[in-house]
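Below: entry21.tsv (TSV, C-alpha atoms)
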chain	number	residue	atom	x	y	z
A	1496	MET	CA	-34.75	-4.81	16.12
A	1497	GLU	CA	-34.00	-5.98	12.64
A	1498	THR	CA	-35.06	-9.27	11.14
A	1499	GLN	CA	-33.26	-11.23	8.46
A	1500	THR	CA	-36.34	-11.88	6.35
A	1501	GLN	CA	-36.83	-10.58	2.84
A	1502	ASP	CA	-39.19	-7.88	4.10
A	1503	LYS	CA	-38.15	-4.26	4.00
A	1504	ALA	CA	-34.75	-3.38	5.42
A	1505	THR	CA	-35.33	-1.81	8.81
A	1506	VAL	CA	-31.80	-0.85	9.96
A	1507	TRP	CA	-28.88	0.55	7.93
A	1508	LEU	CA	-25.73	2.61	8.36
A	1509	LYS	CA	-23.98	5.42	6.55
A	1510	PRO	CA	-20.38	4.87	5.36
A	1511	GLU	CA	-18.90	7.14	8.00
A	1512	GLN	CA	-20.64	5.12	10.72
A	1513	VAL	CA	-19.03	1.94	9.44
A	1514	ASP	CA	-15.66	3.72	9.46
A	1515	ARG	CA	-16.22	4.62	13.10
A	1516	MET	CA	-17.07	1.00	13.90
A	1517	ARG	CA	-13.83	-0.16	12.31
A	1518	SER	CA	-11.83	2.34	14.35
A	1519	ALA	CA	-13.65	1.31	17.51
A	1520	THR	CA	-13.03	-2.40	17.02
A	1521	VAL	CA	-9.32	-1.82	16.46
A	1522	GLU	CA	-9.09	0.27	19.63
A	1523	ALA	CA	-11.11	-2.12	21.80
A	1524	SER	CA	-9.91	-5.52	20.57
A	1525	ALA	CA	-6.99	-7.50	21.91
A	1526	PRO	CA	-3.98	-6.66	19.71
A	1527	TYR	CA	-3.95	-10.04	17.98
A	1528	LEU	CA	-7.68	-9.77	17.15
A	1529	ALA	CA	-7.76	-6.15	16.01
A	1530	ALA	CA	-6.71	-6.82	12.41
A	1531	ARG	CA	-9.17	-9.72	12.10
A	1532	ASN	CA	-12.10	-7.71	13.40
A	1533	ASP	CA	-11.27	-4.73	11.20
A	1534	ALA	CA	-10.94	-6.94	8.11
A	1535	LEU	CA	-14.15	-8.78	9.00
A	1536	ILE	CA	-16.24	-5.60	9.21
A	1537	ALA	CA	-14.59	-4.18	6.07
A	1538	THR	CA	-15.32	-7.37	4.13
A	1539	LEU	CA	-18.93	-7.62	5.25
A	1540	TYR	CA	-19.56	-3.99	4.36
A	1541	ASP	CA	-17.84	-4.20	0.98
A	1542	SER	CA	-19.20	-7.54	-0.18
A	1543	GLY	CA	-22.68	-7.67	1.33
A	1544	LEU	CA	-22.12	-11.27	2.39
A	1545	ARG	CA	-24.61	-12.95	4.66
A	1546	VAL	CA	-23.06	-13.88	8.00
A	1547	ALA	CA	-23.27	-17.64	7.33
A	1548	GLU	CA	-21.49	-17.12	4.01
A	1549	ALA	CA	-18.76	-15.07	5.66
A	1550	VAL	CA	-17.93	-17.69	8.28
A	1551	ALA	CA	-17.84	-20.41	5.60
A	1552	LEU	CA	-15.01	-18.70	3.69
A	1553	ASP	CA	-11.71	-20.57	3.46
A	1554	VAL	CA	-8.50	-18.77	2.53
A	1555	ALA	CA	-7.33	-21.20	-0.13
A	1556	ASP	CA	-10.69	-21.94	-1.74
A	1557	HIS	CA	-12.55	-18.65	-1.61
A	1558	VAL	CA	-10.10	-15.74	-1.32
A	1559	ASP	CA	-8.09	-14.51	-4.33
A	1560	LEU	CA	-6.43	-11.25	-3.40
A	1561	ASP	CA	-4.33	-11.18	-6.58
A	1562	ASP	CA	-7.56	-10.79	-8.56
A	1563	GLY	CA	-9.31	-9.00	-5.68
A	1564	VAL	CA	-12.28	-11.34	-5.51
A	1565	LEU	CA	-14.16	-13.64	-3.18
A	1566	ALA	CA	-15.29	-16.86	-4.85
A	1567	LEU	CA	-18.67	-18.11	-3.70
A	1568	PRO	CA	-19.55	-21.63	-4.84
A	1569	ALA	CA	-23.18	-22.59	-4.58
A	1570	ASP	CA	-22.67	-24.74	-1.50
A	1571	ILE	CA	-21.84	-21.80	0.78
A	1572	GLN	CA	-24.55	-19.48	-0.54
A	1573	LYS	CA	-28.03	-19.24	0.86
A	1574	ASP	CA	-30.62	-21.13	-1.17
A	1575	TYR	CA	-33.42	-18.99	-2.52
A	1576	PRO	CA	-36.94	-19.41	-1.08
A	1577	THR	CA	-37.86	-21.28	-4.26
A	1578	ASP	CA	-35.10	-23.81	-3.45
A	1579	ARG	CA	-33.39	-22.86	-6.68
A	1580	THR	CA	-29.71	-23.20	-5.89
A	1581	PRO	CA	-27.72	-20.04	-6.66
A	1582	SER	CA	-24.87	-20.26	-9.14
A	1583	TYR	CA	-21.14	-19.84	-8.55
A	1584	THR	CA	-20.38	-16.17	-8.10
A	1585	GLU	CA	-17.28	-13.99	-7.75
A	1586	ILE	CA	-17.56	-10.79	-5.74
A	1587	GLU	CA	-15.11	-8.06	-6.66
A	1588	LEU	CA	-13.61	-6.32	-3.65
A	1589	ALA	CA	-12.61	-2.69	-3.32
A	1590	ASP	CA	-8.87	-2.01	-3.36
A	1591	GLU	CA	-9.00	-0.81	0.24
A	1592	THR	CA	-10.65	-4.06	1.34
A	1593	VAL	CA	-7.98	-6.09	-0.46
A	1594	ARG	CA	-5.26	-4.12	1.34
A	1595	THR	CA	-6.99	-4.65	4.68
A	1596	LEU	CA	-7.27	-8.39	4.06
A	1597	ARG	CA	-3.62	-8.60	2.98
A	1598	THR	CA	-2.52	-6.89	6.18
A	1599	TYR	CA	-4.69	-9.21	8.28
A	1600	LEU	CA	-3.54	-12.41	6.57
A	1601	ALA	CA	0.11	-11.40	6.72
A	1602	GLY	CA	-0.02	-11.21	10.50
A	1603	ARG	CA	-2.62	-13.78	11.56
A	1604	TRP	CA	-1.94	-15.28	14.97
A	1605	LYS	CA	-3.54	-18.59	13.95
A	1606	GLU	CA	-3.06	-20.38	10.64
A	1607	THR	CA	-6.34	-22.08	9.78
A	1608	ALA	CA	-8.15	-23.08	6.61
A	1609	ALA	CA	-10.96	-20.73	7.63
A	1610	LEU	CA	-10.53	-17.05	6.81
A	1611	TRP	CA	-11.91	-16.06	10.22
A	1612	PRO	CA	-10.60	-18.18	13.14
A	1613	SER	CA	-11.66	-17.47	16.70
A	1614	ARG	CA	-9.79	-17.74	19.97
A	1615	GLN	CA	-11.63	-20.93	20.86
A	1616	SER	CA	-11.90	-22.59	17.45
A	1617	ASP	CA	-10.45	-22.75	13.96
A	1618	ARG	CA	-13.58	-21.02	12.59
A	1619	MET	CA	-15.73	-18.24	13.97
A	1620	THR	CA	-19.41	-18.97	14.49
A	1621	THR	CA	-22.18	-16.74	13.19
A	1622	GLU	CA	-22.84	-15.69	16.77
A	1623	SER	CA	-19.23	-14.67	17.33
A	1624	VAL	CA	-19.37	-12.51	14.19
A	1625	ARG	CA	-22.56	-10.91	15.48
A	1626	ASN	CA	-20.78	-10.17	18.76
A	1627	VAL	CA	-17.85	-8.49	16.99
A	1628	VAL	CA	-20.19	-6.30	14.94
A	1629	ARG	CA	-22.41	-5.40	17.89
A	1630	GLU	CA	-19.46	-4.56	20.14
A	1631	ALA	CA	-17.96	-2.38	17.40
A	1632	ALA	CA	-21.26	-0.52	17.04
A	1633	VAL	CA	-21.52	-0.02	20.80
A	1634	GLY	CA	-17.90	1.09	21.01
A	1635	ALA	CA	-18.43	3.62	18.24
A	1636	ASP	CA	-21.83	4.63	19.66
A	1637	VAL	CA	-23.38	4.58	16.20
A	1638	ARG	CA	-27.07	5.28	15.88
A	1639	PRO	CA	-28.23	3.56	12.70
A	1640	MET	CA	-31.00	4.79	10.50
A	1641	THR	CA	-34.24	2.86	10.83
A	1642	VAL	CA	-37.71	3.04	9.32
A	1643	THR	CA	-38.92	4.72	12.51
A	1644	GLY	CA	-36.05	7.14	13.11
A	1645	ARG	CA	-32.67	6.61	14.72
A	1646	GLY	CA	-31.90	3.30	16.38
A	1647	GLY	CA	-29.30	2.35	18.95
A	1648	PRO	CA	-25.93	0.61	18.66
A	1649	GLU	CA	-27.48	-2.63	19.91
A	1650	ASP	CA	-29.63	-2.73	16.75
A	1651	VAL	CA	-26.58	-3.22	14.51
A	1652	THR	CA	-25.95	-6.75	13.21
A	1653	PRO	CA	-23.98	-8.26	10.32
A	1654	HIS	CA	-27.19	-8.07	8.27
A	1655	THR	CA	-27.26	-4.32	8.96
A	1656	LEU	CA	-23.98	-4.12	7.05
A	1657	ARG	CA	-25.58	-6.00	4.15
A	1658	HIS	CA	-28.44	-3.48	4.08
A	1659	SER	CA	-25.86	-0.71	4.30
A	1660	VAL	CA	-24.28	-1.88	1.05
A	1661	ALA	CA	-27.59	-1.17	-0.68
A	1662	TYR	CA	-27.84	2.25	1.00
A	1663	ARG	CA	-24.30	3.13	-0.09
A	1664	MET	CA	-24.86	1.99	-3.69
A	1665	LEU	CA	-28.18	3.81	-4.06
A	1666	ASN	CA	-27.41	7.05	-2.21
A	1667	VAL	CA	-23.65	7.60	-1.89
A	1668	GLU	CA	-22.02	6.10	-4.96
A	1669	GLU	CA	-23.10	7.25	-8.39
A	1670	GLY	CA	-24.55	5.33	-11.29
A	1671	HIS	CA	-26.00	2.28	-9.54
A	1672	THR	CA	-29.47	0.89	-10.14
A	1673	PHE	CA	-31.57	-1.66	-8.33
A	1674	TYR	CA	-30.17	-4.21	-10.77
A	1675	ASP	CA	-26.64	-3.45	-9.54
A	1676	VAL	CA	-27.79	-3.88	-5.94
A	1677	ARG	CA	-29.55	-7.11	-6.85
A	1678	ASN	CA	-26.36	-8.47	-8.43
A	1679	ARG	CA	-24.17	-7.41	-5.51
A	1680	LEU	CA	-26.47	-8.92	-2.88
A	1681	ARG	CA	-27.38	-11.90	-5.08
A	1682	HIS	CA	-31.14	-11.76	-4.70
A	1683	ALA	CA	-33.16	-14.31	-6.64
A	1684	THR	CA	-35.18	-11.61	-8.40
A	1685	ILE	CA	-35.13	-7.84	-8.93
A	1686	GLN	CA	-38.55	-7.75	-7.25
A	1687	THR	CA	-36.92	-8.89	-4.02
A	1688	THR	CA	-34.39	-6.08	-4.22
A	1689	GLU	CA	-37.06	-3.49	-4.87
A	1690	ARG	CA	-39.25	-4.77	-2.06
A	1691	VAL	CA	-36.43	-4.74	0.48
A	1692	TYR	CA	-34.82	-1.42	-0.50
A	1693	ASP	CA	-37.21	0.85	-2.39
A	1694	HIS	CA	-37.81	2.99	0.71
A	1695	ILE	CA	-34.12	3.84	1.15
A	1696	ASP	CA	-33.68	5.04	-2.46
A	1697	ARG	CA	-33.86	8.81	-2.18
A	1698	VAL	CA	-36.48	10.62	-4.25
Just give me the structure as structure tokens.
Amino acid sequence: METQTQDKATVWLKPEQVDRMRSATVEASAPYLAARNDALIATLYDSGLRVAEAVALDVADHVDLDDGVLALPADIQKDYPTDRTPSYTEIELADETVRTLRTYLAGRWKETAALWPSRQSDRMTTESVRNVVREAAVGADVRPMTVTGRGGPEDVTPHTLRHSVAYRMLNVEEGHTFYDVRNRLRHATIQTTERVYDHIDRV
């Protein structure tokens, strides 16, 4: 199983596996939750947000679909191990993610300040996001890549999607460096990025 430390990434997915998870969550979810779950997985995989950052997002304060960005003030970002508070950051979203979010927000069953409401509350918990991601992985029967071979669907967490952003940038998309990955995932130092991901950069 994966840990959320700054040690080496141990579990990650290919883009087509994430696509299968999105299809599976739409098929398996209650109709009023399908668009939320699809948009949630798409946003996590595009942005590389940590799960606690994702659940902290508010529509009015943090989501600007006209500019296609997520605004992350320091207070919702994870503090670095050095306790140096990260700075305000804007994460540019892919056009497809913006369209998915627009579709979701246009038809939300519950109007809340939070971007991701749950059935029971006005805001999803980190555990409820983990459940959505795990159930999508199980429904799609994805077998993630791991440092010891192929894993099982139960190994997939929201942090797996964060690791998968690095895999996509380094091995699928062209022209990215470790510095680009560091900026996307907002690591404190480039050394952190290299330590976590050097083994998934193809040679």
- Please identify all polymer residues within 12 Å of Asp1556 (chain A), counting all atoms listed in the file, omitting same-chain residues fewer than 6 positions from it, and present them as a VMD selection string. chain A and resid 1564 to 1568 1571 1585 1608 to 1610
Which residues of region 1588-1640 of chain A come within 6 Å of region 1647-1667 of chain A, and for each one, what is the closest pair of atoms and their distance in Å to one decimal, counting all atoms listed in the file, sorted by chain and residue number, as JSON lines?
{"residue": "A:Arg1625", "atom": "CA", "partner": "A:Thr1652", "partner_atom": "CA", "distance": 5.8}
{"residue": "A:Arg1629", "atom": "CA", "partner": "A:Val1651", "partner_atom": "CA", "distance": 5.8}
{"residue": "A:Ala1632", "atom": "CA", "partner": "A:Pro1648", "partner_atom": "CA", "distance": 5.1}
{"residue": "A:Val1633", "atom": "CA", "partner": "A:Pro1648", "partner_atom": "CA", "distance": 4.9}
{"residue": "A:Asp1636", "atom": "CA", "partner": "A:Pro1648", "partner_atom": "CA", "distance": 5.8}
{"residue": "A:Val1637", "atom": "CA", "partner": "A:Pro1648", "partner_atom": "CA", "distance": 5.3}
{"residue": "A:Arg1638", "atom": "CA", "partner": "A:Gly1647", "partner_atom": "CA", "distance": 4.8}
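Relative to CA of Ala1529 (chain A), CA of Thr1595 (chain A) is found at 11.5 Å.
Computed from the coordinates, the CA of Val1691 (chain A) to CA of Leu1508 (chain A) distance equals 15.2 Å.
The interatomic distance for the pair CA of Ser1518 (chain A) and CA of Gly1670 (chain A) works out to 28.8 Å.
Using all atoms listed in the file, the smallest distance between any of A:His1694, A:Arg1594, A:His1682, A:Arg1614 and Ala1537 (chain A) comes from A:Arg1594.
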Dump as a PDB file with C-alpha atoms, in the coordinates of the input all residues having an atom at most 8 Å from (-26.2, -14.4, 6.6), computed in the file's coordinates with only C-alpha atoms.
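File written: point_15.pdb
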ATOM      1  CA  GLN A1499     -33.260 -11.230   8.460  1.00  0.00           C
ATOM      2  CA  LEU A1544     -22.120 -11.270   2.390  1.00  0.00           C
ATOM      3  CA  ARG A1545     -24.610 -12.950   4.660  1.00  0.00           C
ATOM      4  CA  VAL A1546     -23.060 -13.880   8.000  1.00  0.00           C
ATOM      5  CA  ALA A1547     -23.270 -17.640   7.330  1.00  0.00           C
ATOM      6  CA  GLU A1548     -21.490 -17.120   4.010  1.00  0.00           C
ATOM      7  CA  ALA A1549     -18.760 -15.070   5.660  1.00  0.00           C
ATOM      8  CA  LYS A1573     -28.030 -19.240   0.860  1.00  0.00           C
ATOM      9  CA  PRO A1653     -23.980  -8.260  10.320  1.00  0.00           C
ATOM     10  CA  HIS A1654     -27.190  -8.070   8.270  1.00  0.00           C
TER      11      HIS A1654
END
- If we count only C-alpha atoms, what is near region 1604-1606 of chain A at a cut-off of 9 Å, once residues fewer than 6 positions away on the same chain are taken out, given as JSON, numbers by chain? {"A": [1527, 1528, 1612, 1613, 1614, 1617]}
- With distances taken over only C-alpha atoms, the candidate from A:Ala1530, A:Ile1586, A:Leu1539, A:Val1642 nearest Ala1601 (chain A) is A:Ala1530
